[in-house]
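Okay, so here's the structure we're looking at.
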Amino acid sequence: MDGHTGGNGSANATSGNPWITTSPPPRDASNVATHCVLCSHACGVHVDVVDAALTKVRPDKSSPGTRGHMCNKAAAISYLDDHADRVRHPLRKKPDGTFERITWDEAITEIAAKVKAIYEAHGPQALALIGMGGQSNHLGGSNLLALYEHLGSKRWFCAYAQEKTQHHLIEQWMFDAPHSMMFMSDGLRTKYLIEIGTNPKVSNLARNHIETEKAFRADAERKLVVVDPRVTDSCRGAHRHIQLRPGSDAYLLLGIAATFVQRDLLDEAWLAAHTLGFDSLREELAAVDVPEMARRCGIDVQVIIETATEFAAAPSAAIEAGLGAEHCWFSTAVSYLERLILSLTGNAGQAGGNVFYGSFAPPMLMPDRWEEPPRTVAAGIRGIRALAPYHMFSPALVPEEVLVDHPNRIRAMHVDTSNPLLSYADTTHWREAIAALDLLVVVDMSMTETARLADYVLPPAGAYQKWEYADFPRRWPEVVTQLRRPVLPIADGDDVLPEPEIYHRIAKTTGLYGEVPAQLVELGAEATTPAGAEAFLMAAQQLAAERSTNPIPLLQFWTVECVGPYLPSPAIAPVWLLAMLNGMVRPDMIVRAFGAEWADKGPFELGQEMFRRIVDHPEGVEIARYDETTGFHDTILGWEDKKIRLAPEPLLEEIRRVIATDLSTPDPEYPITVATGVRTRWTANTIIRDHEWRKGKGPHCALHMSPFDAEELGVEDGAVVALSSRRATVHLPAEIDAGVQPGYAWAPNGFGMTPANGNGTSEPHGVNLNELIESSDRDPISGCPHKKGVRCRIEAVPYTLTTTS
């Protein structure tokens with residue numbers, strides 16, 4: 001496969017690279033179907049291309065995932081690929097700290113040798129992967145992740161794990177649910193919806209919020225309750241806004257659950273038939289002081305009682321949670337209480353309640369899921385399987401895993417399309433950790449703040465110059481996926497490769513997979529037929545099981561190597577493999593989507609047809625559908641008795657910790673609770689380097705504070721303030737916001753980027769709020785940082801800023 005590239009291992013727009021396309025996309029095109037890559041919603045769009053650049057972007061009404069919805073950010077995707085920080089060829093750091101251009105052959109050979117040497121000297125735990133996946137950037141990571149998993153490294157630190165892995169752990173403990181699924185509200189059908197810690201009019205969540213609004217307006221029996229310490233766009237139009245004290249989400253939810261028991265609002269006969277553990281749980285909840293929970297929330301107890309009563313009585317009820325509830329104190333307890341409230345009222349897994357959204361990855365239960373999981377060396381925090389069949393960890397744990405005095409500490413780090421210095425908690429700690437590494441490889445199309453510290457910087461093709469796919473769930477009961485074709489040609493002179501090729505070549509060059517069986521090479525040539533796919537996969541599974549106790553990585557590598565050359569691109573070999581697995585694992589769901597005429601087809605006929613449809617429909621396609629009436633019990637609940645476990649002991653311990661810990665009293669030295677990293681219409685994480693995409697009145701990076709606190713501190717609107725935590729101080733303009741309550745403030749994420757202009761004199765755009773967060777300020781079970789509960793103080797300063805925001 002290395003022969004797919006030129007003599008120096010490079011690809012360009014004129015030669016044609018089979019990993020991208022043998023025929024480069026045209027320099028001019030109109031109405032091309034693709035999708036936005038700036039958030040997990042992945043809105044379907046149509047774009048025009050003029051002189052090899054994206055121009056007009058408009059919503060795609062034919063998209064089965066987003067159906068014509070598009071927020072303002074999608075219009076900015078043209079800023080992604082061409083900017084001053086773009087890396088256009090492989091780079092290696094010289095002893096003096098500057099970078100030199102090298103060939104891909106040099107880069108891959110040297111990196112593979114160093115990875116192999118570190119592995120052989122220190123073992124697999126010395127190797128760590130940071131990032132992987134990104135927003136709709138999934139194809140490449142599986143190749144390198146599979147290699148590290150094959151070697152025995154259990155060191156995957158992903159941004160998803162600083163938000164949501166606690167949900168998957170709880171869903172395993174309560175439902176024995178597959179790790180590939182996401183438990184979210186059936187917002188279009190529910191009669192009663194609680195939105196907590198989210199502003200879907202801005203953040204989108206997994207659904208088109210406009211559809212939900214229309215559904216609620218059309219039905220007078222529906223009720224929307226918004227829980228948020230600030231007044232947001234989503235609060236307007238809600239039937240009730242519970243403006244609780246920041247960080248008190250666990251107290252509110254615990255009060256609601258306790259009210260169910262104390263006011264006899266539950267159907268105990270239903271609970272006896274469908275759950276286990278209610279008796280012990282009832283004892284715990286009966287002892288909860290609901291008025292005290294209300295006091296800690298800063299609300300009247302009647303608000304809790306009315307909300308609990310309405311939720312329990314509703315024909316259907318759901319909860320939609322976002323980052324505000326995932327980055328707050330007790331985030332694992334919050335996740336558990338959400339699922340407990342839904343389970344106690346019979347709304348878990350039911351249409352109109354919260355359901356398990358499916359992805360392209362078929363729902364499978366791993367046979368070792370109840371064995372002891374991998375844990376971090378420094379703190380012993382467990383890895384959690386989420387989305388992929390590999391354990392992931394919170395990035396907040398990385399610095400201590402590098403700096404710990406232990407033979408299994410991290411020594412080499414591979415960062416994939418991620419910028420830890422700006423994206424993860426405790427920037428200072430990250431700088432210290434990076435300085436202690438033996439090897440840092442960054443794969444990113446931009447010279448990010450992290451890339452500037454790397455030993456090697458490898459530039460992938462741009463977001464719209466390669467094959468990729470969007471797979472975050474967006475609808476229910478439909479399962480929709482979208483394969484993104486190359487839309488733009490690679491510019492002449494750019495020496496870039498798609499991530500799948502980069503990682504496959506590194507894996508192959510290490511030699512650590514061993515020789516590819518000749519039998520599979522021969523079978524791969526016929527694998528694009530149903531009979532050929534069956535023959536290849538049956539042989540590959542048997543051979544992989546003979547070679548390894550963990551056959552999945554070998555199966556992935558062999559599929560790319562043997563089947564990839566016969567697909568439109570080797571990069572989409574994982575898509576082919578998942579399509580075949582879907583045919584094997586969930587044929588009934590595929591037939592429900594494809595039609596009754598497919599009912600008598602075999603699994604590999606279904607898989608090949610699924611793959612064909614995915615390739616032929618760049619606007620996206622429905623590949624499977626859940627049964628709205630029986631899907632939860634038939635395909636989700638893994639317990640043999642099909643009963644929900646209400647009271648896992650580790651989660652009861654978390655509830656006891658919530659009760660015992662009163663965080664309602666401000667810290668006198670740091671009296672303001674700050675939510676760091678709130679989404680706005682002008683934030684896109686750290687994906688877009690060119691700040692010119694932001695429109696409208698600025699500043700876009702400001703500290704929103706209450707009128708009361710501003711007056712008390714002598715801060716005027718637009719004045720510069722010093723925002724200090726126990727970790728650091730940053731300076732940014734203040735914005736007086738009537739929707740913010742006293743003792744609380746917030747600022748957006750995705751800022752603090754400094755252009756790499758070569759002379760080090762450029763000023764950052766806004767501030768990096770991760771400077772303020774201590775990596776030790778995190779959930780004890782998941783390691784998720786408390787980004788929405790940072791204790792700070794605010795002080796007026798007598799000068800103006802030179803940063804741009």
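Convention: chains lettered A, B, ... in structure tokens order; per-chain residue numbering from 1; ligands numbered from 1 as shown.
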
Can you list every residue in region 498-661 of chain A that DSSP puts in alpha helix (DSSP H), as a short mmCIF file (atom, residue, chain, number, x, y, z; two decimals) with N, CA and C atoms, in the first residue's frame?
```
data_model
loop_
_atom_site.label_atom_id
_atom_site.label_comp_id
_atom_site.auth_asym_id
_atom_site.auth_seq_id
_atom_site.Cartn_x
_atom_site.Cartn_y
_atom_site.Cartn_z
N GLU A 499 -5.40 11.10 7.28
CA GLU A 499 -4.99 10.40 8.51
C GLU A 499 -5.00 8.88 8.37
N PRO A 500 -6.00 8.27 7.72
CA PRO A 500 -5.96 6.80 7.62
C PRO A 500 -4.67 6.29 6.98
N GLU A 501 -4.17 7.00 5.98
CA GLU A 501 -2.92 6.58 5.34
C GLU A 501 -1.73 6.79 6.27
N ILE A 502 -1.70 7.93 6.95
CA ILE A 502 -0.59 8.21 7.87
C ILE A 502 -0.48 7.10 8.91
N TYR A 503 -1.60 6.79 9.53
CA TYR A 503 -1.56 5.84 10.64
C TYR A 503 -1.35 4.41 10.17
N HIS A 504 -1.93 4.07 9.03
CA HIS A 504 -1.72 2.72 8.53
C HIS A 504 -0.25 2.50 8.17
N ARG A 505 0.37 3.50 7.58
CA ARG A 505 1.78 3.37 7.21
C ARG A 505 2.68 3.30 8.45
N ILE A 506 2.36 4.09 9.47
CA ILE A 506 3.14 3.99 10.71
C ILE A 506 3.00 2.59 11.31
N ALA A 507 1.76 2.11 11.37
CA ALA A 507 1.52 0.77 11.95
C ALA A 507 2.26 -0.30 11.16
N LYS A 508 2.19 -0.20 9.85
CA LYS A 508 2.84 -1.20 9.02
C LYS A 508 4.36 -1.13 9.15
N THR A 509 4.88 0.09 9.23
CA THR A 509 6.34 0.26 9.28
C THR A 509 6.93 -0.23 10.59
N THR A 510 6.17 -0.18 11.68
CA THR A 510 6.70 -0.71 12.95
C THR A 510 6.95 -2.21 12.86
N ALA A 518 -1.13 -14.63 3.77
CA ALA A 518 -1.32 -14.66 2.32
C ALA A 518 -2.75 -15.05 1.95
N GLN A 519 -3.36 -15.90 2.76
CA GLN A 519 -4.73 -16.32 2.50
C GLN A 519 -5.67 -15.11 2.48
N LEU A 520 -5.45 -14.16 3.39
CA LEU A 520 -6.32 -12.99 3.47
C LEU A 520 -6.07 -12.03 2.31
N VAL A 521 -4.83 -11.93 1.88
CA VAL A 521 -4.53 -11.09 0.72
C VAL A 521 -5.31 -11.59 -0.49
N GLU A 522 -5.35 -12.91 -0.65
CA GLU A 522 -6.07 -13.49 -1.78
C GLU A 522 -7.58 -13.31 -1.62
N LEU A 523 -8.10 -13.54 -0.43
CA LEU A 523 -9.54 -13.42 -0.20
C LEU A 523 -10.01 -11.98 -0.30
N GLY A 524 -9.14 -11.03 0.05
CA GLY A 524 -9.53 -9.63 0.02
C GLY A 524 -9.95 -9.15 -1.35
N PRO A 530 -20.96 -10.44 -1.56
CA PRO A 530 -21.43 -11.04 -0.30
C PRO A 530 -20.68 -12.32 0.06
N ALA A 531 -20.51 -13.21 -0.91
CA ALA A 531 -19.81 -14.47 -0.62
C ALA A 531 -18.35 -14.22 -0.29
N GLY A 532 -17.74 -13.27 -1.01
CA GLY A 532 -16.34 -12.94 -0.74
C GLY A 532 -16.15 -12.29 0.60
N ALA A 533 -17.09 -11.44 1.00
CA ALA A 533 -17.01 -10.80 2.32
C ALA A 533 -17.10 -11.84 3.43
N GLU A 534 -18.01 -12.78 3.26
CA GLU A 534 -18.16 -13.84 4.27
C GLU A 534 -16.88 -14.67 4.37
N ALA A 535 -16.32 -15.04 3.24
CA ALA A 535 -15.10 -15.86 3.25
C ALA A 535 -13.95 -15.11 3.90
N PHE A 536 -13.79 -13.83 3.55
CA PHE A 536 -12.69 -13.04 4.12
C PHE A 536 -12.85 -12.89 5.62
N LEU A 537 -14.04 -12.49 6.07
CA LEU A 537 -14.22 -12.20 7.50
C LEU A 537 -14.18 -13.47 8.35
N MET A 538 -14.70 -14.57 7.85
CA MET A 538 -14.64 -15.81 8.62
C MET A 538 -13.18 -16.25 8.81
N ALA A 539 -12.41 -16.15 7.73
CA ALA A 539 -10.99 -16.52 7.82
C ALA A 539 -10.22 -15.54 8.70
N ALA A 540 -10.51 -14.24 8.54
CA ALA A 540 -9.78 -13.23 9.32
C ALA A 540 -10.08 -13.36 10.80
N GLN A 541 -11.33 -13.61 11.15
CA GLN A 541 -11.69 -13.77 12.56
C GLN A 541 -10.97 -14.98 13.17
N GLN A 542 -10.93 -16.08 12.43
CA GLN A 542 -10.26 -17.28 12.95
C GLN A 542 -8.76 -17.04 13.12
N LEU A 543 -8.13 -16.43 12.13
CA LEU A 543 -6.69 -16.18 12.21
C LEU A 543 -6.36 -15.17 13.30
N ALA A 544 -7.19 -14.14 13.45
CA ALA A 544 -6.94 -13.13 14.48
C ALA A 544 -7.06 -13.74 15.87
N ALA A 545 -8.05 -14.61 16.05
CA ALA A 545 -8.23 -15.26 17.35
C ALA A 545 -7.07 -16.18 17.68
N GLU A 546 -6.46 -16.77 16.66
CA GLU A 546 -5.30 -17.64 16.88
C GLU A 546 -4.06 -16.83 17.28
N ARG A 547 -3.98 -15.61 16.76
CA ARG A 547 -2.79 -14.79 17.01
C ARG A 547 -2.88 -13.94 18.27
N ILE A 552 -9.73 -7.74 17.59
CA ILE A 552 -10.30 -6.60 16.87
C ILE A 552 -9.24 -5.77 16.15
N PRO A 553 -8.11 -5.40 16.79
CA PRO A 553 -7.12 -4.59 16.06
C PRO A 553 -6.56 -5.29 14.82
N LEU A 554 -6.29 -6.59 14.92
CA LEU A 554 -5.79 -7.32 13.75
C LEU A 554 -6.82 -7.33 12.63
N LEU A 555 -8.07 -7.52 13.01
CA LEU A 555 -9.13 -7.54 12.00
C LEU A 555 -9.20 -6.19 11.29
N GLN A 556 -9.06 -5.10 12.04
CA GLN A 556 -9.08 -3.77 11.43
C GLN A 556 -7.90 -3.59 10.47
N PHE A 557 -6.71 -3.95 10.91
CA PHE A 557 -5.51 -3.76 10.10
C PHE A 557 -5.58 -4.59 8.82
N TRP A 558 -5.97 -5.84 8.96
CA TRP A 558 -6.04 -6.71 7.79
C TRP A 558 -7.11 -6.25 6.80
N THR A 559 -8.20 -5.70 7.30
CA THR A 559 -9.25 -5.21 6.40
C THR A 559 -8.73 -4.05 5.56
N VAL A 560 -8.03 -3.11 6.20
CA VAL A 560 -7.46 -1.99 5.43
C VAL A 560 -6.45 -2.50 4.42
N GLU A 561 -5.60 -3.43 4.84
CA GLU A 561 -4.52 -3.92 3.99
C GLU A 561 -5.03 -4.78 2.84
N CYS A 562 -6.02 -5.60 3.09
CA CYS A 562 -6.43 -6.60 2.10
C CYS A 562 -7.68 -6.22 1.30
N ALA A 573 -12.13 1.60 4.45
CA ALA A 573 -12.19 0.19 4.84
C ALA A 573 -12.92 0.00 6.18
N PRO A 574 -12.72 0.88 7.19
CA PRO A 574 -13.50 0.70 8.43
C PRO A 574 -15.00 0.81 8.20
N VAL A 575 -15.42 1.63 7.23
CA VAL A 575 -16.84 1.74 6.92
C VAL A 575 -17.36 0.43 6.34
N TRP A 576 -16.59 -0.17 5.44
CA TRP A 576 -16.96 -1.47 4.89
C TRP A 576 -17.06 -2.51 5.99
N LEU A 577 -16.08 -2.54 6.88
CA LEU A 577 -16.07 -3.53 7.96
C LEU A 577 -17.29 -3.35 8.87
N LEU A 578 -17.60 -2.12 9.23
CA LEU A 578 -18.76 -1.89 10.09
C LEU A 578 -20.06 -2.25 9.38
N ALA A 579 -20.13 -2.01 8.08
CA ALA A 579 -21.33 -2.41 7.33
C ALA A 579 -21.53 -3.92 7.39
N MET A 580 -20.44 -4.69 7.24
CA MET A 580 -20.56 -6.14 7.32
C MET A 580 -20.97 -6.58 8.73
N LEU A 581 -20.40 -5.94 9.75
CA LEU A 581 -20.77 -6.28 11.13
C LEU A 581 -22.24 -5.95 11.39
N ASN A 582 -22.72 -4.86 10.83
CA ASN A 582 -24.14 -4.53 10.98
C ASN A 582 -25.01 -5.63 10.41
N GLY A 583 -24.64 -6.12 9.23
CA GLY A 583 -25.41 -7.19 8.63
C GLY A 583 -25.45 -8.44 9.49
N MET A 584 -24.37 -8.69 10.21
CA MET A 584 -24.29 -9.86 11.06
C MET A 584 -25.02 -9.67 12.39
N VAL A 585 -24.98 -8.45 12.93
CA VAL A 585 -25.45 -8.21 14.30
C VAL A 585 -26.90 -7.74 14.36
N PRO A 587 -29.63 -7.58 11.66
CA PRO A 587 -30.34 -7.68 10.37
C PRO A 587 -31.78 -7.17 10.44
N ASP A 588 -32.48 -7.44 11.55
CA ASP A 588 -33.87 -7.00 11.65
C ASP A 588 -33.98 -5.48 11.57
N MET A 589 -33.07 -4.78 12.19
CA MET A 589 -33.10 -3.32 12.16
C MET A 589 -32.80 -2.80 10.75
N ILE A 590 -31.92 -3.47 10.04
CA ILE A 590 -31.60 -3.06 8.67
C ILE A 590 -32.83 -3.25 7.77
N VAL A 591 -33.48 -4.40 7.90
CA VAL A 591 -34.67 -4.67 7.09
C VAL A 591 -35.76 -3.64 7.39
N ARG A 592 -35.88 -3.24 8.65
CA ARG A 592 -36.88 -2.24 9.01
C ARG A 592 -36.63 -0.93 8.27
N ALA A 593 -35.35 -0.61 8.00
CA ALA A 593 -35.01 0.61 7.27
C ALA A 593 -35.05 0.41 5.76
N PHE A 594 -34.60 -0.75 5.26
CA PHE A 594 -34.49 -0.98 3.82
C PHE A 594 -35.81 -1.40 3.18
N PRO A 603 -26.80 -11.98 5.89
CA PRO A 603 -26.13 -10.86 6.55
C PRO A 603 -25.14 -10.12 5.67
N PHE A 604 -24.45 -10.84 4.79
CA PHE A 604 -23.46 -10.16 3.97
C PHE A 604 -24.09 -9.49 2.75
N GLU A 605 -25.25 -9.96 2.33
CA GLU A 605 -26.00 -9.21 1.33
C GLU A 605 -26.49 -7.89 1.92
N LEU A 606 -26.97 -7.94 3.16
CA LEU A 606 -27.40 -6.72 3.84
C LEU A 606 -26.22 -5.77 4.05
N GLY A 607 -25.09 -6.33 4.47
CA GLY A 607 -23.91 -5.51 4.71
C GLY A 607 -23.41 -4.83 3.45
N GLN A 608 -23.35 -5.57 2.34
CA GLN A 608 -22.88 -4.98 1.09
C GLN A 608 -23.85 -3.92 0.58
N GLU A 609 -25.14 -4.17 0.74
CA GLU A 609 -26.12 -3.17 0.32
C GLU A 609 -26.02 -1.91 1.19
N MET A 610 -25.79 -2.09 2.49
CA MET A 610 -25.60 -0.94 3.36
C MET A 610 -24.40 -0.12 2.92
N PHE A 611 -23.30 -0.81 2.63
CA PHE A 611 -22.09 -0.11 2.20
C PHE A 611 -22.34 0.64 0.89
N ARG A 612 -23.04 0.00 -0.04
CA ARG A 612 -23.34 0.65 -1.32
C ARG A 612 -24.15 1.92 -1.09
N ARG A 613 -25.16 1.84 -0.25
CA ARG A 613 -26.00 3.01 0.00
C ARG A 613 -25.21 4.14 0.66
N ILE A 614 -24.35 3.79 1.59
CA ILE A 614 -23.55 4.81 2.26
C ILE A 614 -22.66 5.54 1.25
N VAL A 615 -22.01 4.78 0.38
CA VAL A 615 -21.12 5.39 -0.62
C VAL A 615 -21.90 6.21 -1.63
N ASP A 616 -23.08 5.73 -2.01
CA ASP A 616 -23.85 6.38 -3.06
C ASP A 616 -24.66 7.58 -2.59
N GLY A 631 -37.76 -2.13 21.24
CA GLY A 631 -36.32 -2.04 21.03
C GLY A 631 -35.50 -2.04 22.30
N GLU A 649 -24.04 -0.18 44.02
CA GLU A 649 -23.45 0.35 45.25
C GLU A 649 -22.53 1.54 45.02
N PRO A 650 -21.65 1.54 43.99
CA PRO A 650 -20.80 2.72 43.80
C PRO A 650 -21.60 4.01 43.58
N LEU A 651 -22.78 3.87 42.98
CA LEU A 651 -23.60 5.06 42.74
C LEU A 651 -24.36 5.48 43.99
N LEU A 652 -24.75 4.54 44.81
CA LEU A 652 -25.34 4.91 46.10
C LEU A 652 -24.31 5.64 46.96
N GLU A 653 -23.05 5.21 46.87
CA GLU A 653 -21.99 5.91 47.60
C GLU A 653 -21.86 7.36 47.12
N GLU A 654 -22.00 7.58 45.82
CA GLU A 654 -21.96 8.94 45.28
C GLU A 654 -23.12 9.78 45.81
N ILE A 655 -24.31 9.17 45.92
CA ILE A 655 -25.46 9.90 46.47
C ILE A 655 -25.20 10.28 47.92
N ARG A 656 -24.60 9.38 48.66
CA ARG A 656 -24.27 9.71 50.06
C ARG A 656 -23.25 10.84 50.12
N ARG A 657 -22.32 10.87 49.15
CA ARG A 657 -21.34 11.96 49.11
C ARG A 657 -22.02 13.29 48.79
N VAL A 658 -23.00 13.25 47.89
CA VAL A 658 -23.76 14.47 47.57
C VAL A 658 -24.45 15.00 48.82
N ILE A 659 -25.10 14.11 49.56
CA ILE A 659 -25.83 14.53 50.76
C ILE A 659 -24.88 15.11 51.80
N ALA A 660 -23.71 14.50 51.93
CA ALA A 660 -22.77 14.90 52.98
C ALA A 660 -21.99 16.17 52.64
#
```

For region 532-640 of chain A against region 274-298 of chain A, with a cut-off of 12 Å and counting only C-alpha atoms, what is the closest atom pair and its distance in Å to one decimal for every residue that makes the cut, ordered by chain and number, as CSV?
```
residue,atom,partner,partner_atom,distance
A:His633,CA,A:His274,CA,10.3
A:Leu637,CA,A:His274,CA,11.1
A:Trp639,CA,A:Thr275,CA,10.9
```

Just the strand (DSSP E) stuff from region 79-237 of chain A, please, per backbone DSSP, written as number ranges by chain. A: 91-93, 99-101, 127-131, 156-157, 182-185, 192-196, 223-227

task = Skip region 210-226 of chain A itself and residues of its chain fewer than 3 positions away, then list as a VMD selection string all residues within 10 Å of it, counting only C-alpha atoms.
result = chain A and resid 66 to 67 69 186 to 201 204 207 229 231 to 232 234 to 243 307 310 to 311 314 to 320

I'd like a table as a Markdown table: residues in region 185-295 of chain A with an atom no more than 10 Å from region 682-706 of chain A, each row giving the shortest atom pair and its distance in Å to one decimal, only C-alpha atoms counted, sorted by chain and rising residue number.
```
| residue | atom | partner | partner_atom | distance |
| --- | --- | --- | --- | --- |
| A:Val202 | CA | A:Trp682 | CA | 9.6 |
| A:Ser203 | CA | A:Thr683 | CA | 9.9 |
| A:Arg230 | CA | A:Ser706 | CA | 9.8 |
```

Residues as selected, all heavy atoms, written as an mmCIF file, in the first residue's frame, can you do that?
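What landed in out-v3.cif:
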```
data_model
loop_
_atom_site.group_PDB
_atom_site.id
_atom_site.type_symbol
_atom_site.label_atom_id
_atom_site.label_comp_id
_atom_site.auth_asym_id
_atom_site.auth_seq_id
_atom_site.Cartn_x
_atom_site.Cartn_y
_atom_site.Cartn_z
ATOM 1 N N VAL A 202 -28.539 27.125 20.903
ATOM 2 C CA VAL A 202 -27.184 27.477 20.483
ATOM 3 C C VAL A 202 -26.343 26.232 20.247
ATOM 4 O O VAL A 202 -25.614 26.118 19.266
ATOM 5 C CB VAL A 202 -26.504 28.387 21.520
ATOM 6 C CG1 VAL A 202 -25.036 28.599 21.192
ATOM 7 C CG2 VAL A 202 -27.230 29.731 21.588
ATOM 8 N N SER A 203 -26.454 25.248 21.156
ATOM 9 C CA SER A 203 -25.556 24.082 21.095
ATOM 10 C C SER A 203 -26.096 22.946 20.233
ATOM 11 O O SER A 203 -25.366 22.001 19.943
ATOM 12 C CB SER A 203 -25.303 23.552 22.508
ATOM 13 O OG SER A 203 -26.503 23.136 23.127
ATOM 14 N N ARG A 230 -28.247 30.542 34.454
ATOM 15 C CA ARG A 230 -28.332 31.805 33.726
ATOM 16 C C ARG A 230 -29.571 31.809 32.848
ATOM 17 O O ARG A 230 -30.163 30.775 32.570
ATOM 18 C CB ARG A 230 -27.076 32.016 32.882
ATOM 19 C CG ARG A 230 -26.842 30.983 31.815
ATOM 20 C CD ARG A 230 -25.442 31.061 31.230
ATOM 21 N NE ARG A 230 -25.252 30.075 30.169
ATOM 22 C CZ ARG A 230 -25.230 30.352 28.865
ATOM 23 N NH1 ARG A 230 -25.344 31.611 28.460
ATOM 24 N NH2 ARG A 230 -25.060 29.410 27.971
#
```

Correct to one decimal, the distance CA of Val32 (chain A)-CA of Asp48 (chain A) is 6.4 Å

note - CA of Phe393 (chain A) and CA of His179 (chain A) are separated by 14.3 Å

Pick from A:Gln465, A:Ser335, A:Gln302, A:Thr55, whichever lies nearest to Leu497 (chain A) using only C-alpha atoms =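 Smallest separation from Leu497 (chain A) among the options: A:Gln465.
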
Region 766-799 of chain A residues near region 726-750 of chain A within 7 Å, closest pair each, using only C-alpha atoms, as CSV:
```
residue,atom,partner,partner_atom,distance
A:Val767,CA,A:Val730,CA,6.8
A:Glu771,CA,A:Ala728,CA,6.1
A:Leu772,CA,A:Ala728,CA,5.1
A:Ile773,CA,A:Arg727,CA,6.4
A:Glu774,CA,A:Arg727,CA,6.2
```

Output C-alpha atoms for every residue in the selection just made, as a short mmCIF file (atom, residue, chain, number, x, y, z; two decimals), in the first residue's frame.
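The resulting file, result32.cif, is reproduced below:
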```cif
data_model
loop_
_atom_site.label_atom_id
_atom_site.label_comp_id
_atom_site.auth_asym_id
_atom_site.auth_seq_id
_atom_site.Cartn_x
_atom_site.Cartn_y
_atom_site.Cartn_z
CA VAL A 767 -8.07 34.00 26.68
CA GLU A 771 -5.32 28.04 32.51
CA LEU A 772 -7.65 28.54 35.48
CA ILE A 773 -8.54 24.89 36.09
CA GLU A 774 -6.58 22.48 38.27
#
```

>> Using only C-alpha atoms, can you tell me which of A:Asp667, A:Asp438, A:Leu129, A:Trp270 comes closest to Asn347 (chain A)?
In response: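 Among the listed residues, A:Trp270 lies closest to Asn347 (chain A).
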
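CA of Thr448 (chain A) sits 8.8 Å away from CA of Ser418 (chain A).
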
Subject >> For region 83-96 of chain A: contacts at 7 Å, only C-alpha atoms, fewer than 2 positions along chain excluded, given as a PyMOL selection string >> reply: chain A and resi 81+98-104+107+445-447+455-459+494-496+690+755-756

Using N, CA and C atoms, can you export the residues from the last selection as a compact mmCIF listing (two decimals), in the first residue's frame?
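Okay, this is what ended up in selection27.txt:
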```txt
# COMPACT_ATOMS: atom_id res chain seq x y z
N ASP A 81 -9.60 25.31 6.08
CA ASP A 81 -8.45 24.68 5.44
C ASP A 81 -7.35 25.64 5.01
N THR A 98 13.69 24.98 16.22
CA THR A 98 12.97 25.30 14.98
C THR A 98 12.62 24.01 14.25
N PHE A 99 11.78 24.13 13.21
CA PHE A 99 11.35 22.95 12.46
C PHE A 99 11.99 22.94 11.08
N GLU A 100 12.19 21.72 10.57
CA GLU A 100 12.68 21.54 9.22
C GLU A 100 11.74 20.63 8.46
N ARG A 101 11.64 20.88 7.16
CA ARG A 101 10.79 20.06 6.31
C ARG A 101 11.46 18.72 6.05
N ILE A 102 10.67 17.64 6.11
CA ILE A 102 11.18 16.31 5.78
C ILE A 102 10.15 15.62 4.89
N THR A 103 10.52 14.48 4.31
CA THR A 103 9.59 13.73 3.49
C THR A 103 8.72 12.84 4.37
N TRP A 104 7.63 12.36 3.77
CA TRP A 104 6.78 11.44 4.51
C TRP A 104 7.50 10.13 4.82
N ALA A 107 9.59 10.84 7.85
CA ALA A 107 8.77 11.02 9.05
C ALA A 107 8.22 9.69 9.56
N MET A 445 -3.64 19.72 10.92
CA MET A 445 -3.43 20.54 9.74
C MET A 445 -3.02 21.97 10.10
N SER A 446 -2.98 22.29 11.39
CA SER A 446 -2.59 23.63 11.83
C SER A 446 -1.39 23.56 12.77
N MET A 447 -0.58 24.62 12.76
CA MET A 447 0.51 24.74 13.71
C MET A 447 -0.07 25.30 15.02
N ASP A 455 7.87 17.00 18.56
CA ASP A 455 9.08 16.54 17.86
C ASP A 455 8.81 16.38 16.36
N TYR A 456 7.58 16.00 16.03
CA TYR A 456 7.15 15.87 14.63
C TYR A 456 5.75 16.45 14.50
N VAL A 457 5.52 17.15 13.41
CA VAL A 457 4.18 17.64 13.08
C VAL A 457 3.84 17.09 11.70
N LEU A 458 2.78 16.31 11.63
CA LEU A 458 2.38 15.66 10.39
C LEU A 458 1.05 16.26 9.92
N PRO A 459 1.01 16.84 8.72
CA PRO A 459 -0.20 17.52 8.27
C PRO A 459 -1.15 16.60 7.50
N ASP A 494 1.19 21.32 -1.79
CA ASP A 494 0.90 20.83 -0.44
C ASP A 494 1.25 19.35 -0.36
N ASP A 495 2.05 19.00 0.63
CA ASP A 495 2.51 17.62 0.83
C ASP A 495 1.79 17.04 2.04
N VAL A 496 0.51 16.71 1.84
CA VAL A 496 -0.34 16.27 2.94
C VAL A 496 -0.93 14.91 2.60
N ASP A 690 -8.67 30.80 12.14
CA ASP A 690 -8.83 32.16 11.61
C ASP A 690 -10.00 32.83 12.32
N PRO A 755 -1.55 33.15 16.80
CA PRO A 755 -1.09 32.79 15.46
C PRO A 755 0.39 32.44 15.45
N ALA A 756 0.75 31.45 14.67
CA ALA A 756 2.15 31.01 14.57
C ALA A 756 2.81 31.79 13.44
```

List the neighbours of His429 (chain A) out to 8 Å using only C-alpha atoms; skip same-chain residues closer than 4 positions along the sequence, and give me the result as a PyMOL selection string. chain A and resi 399+433+775
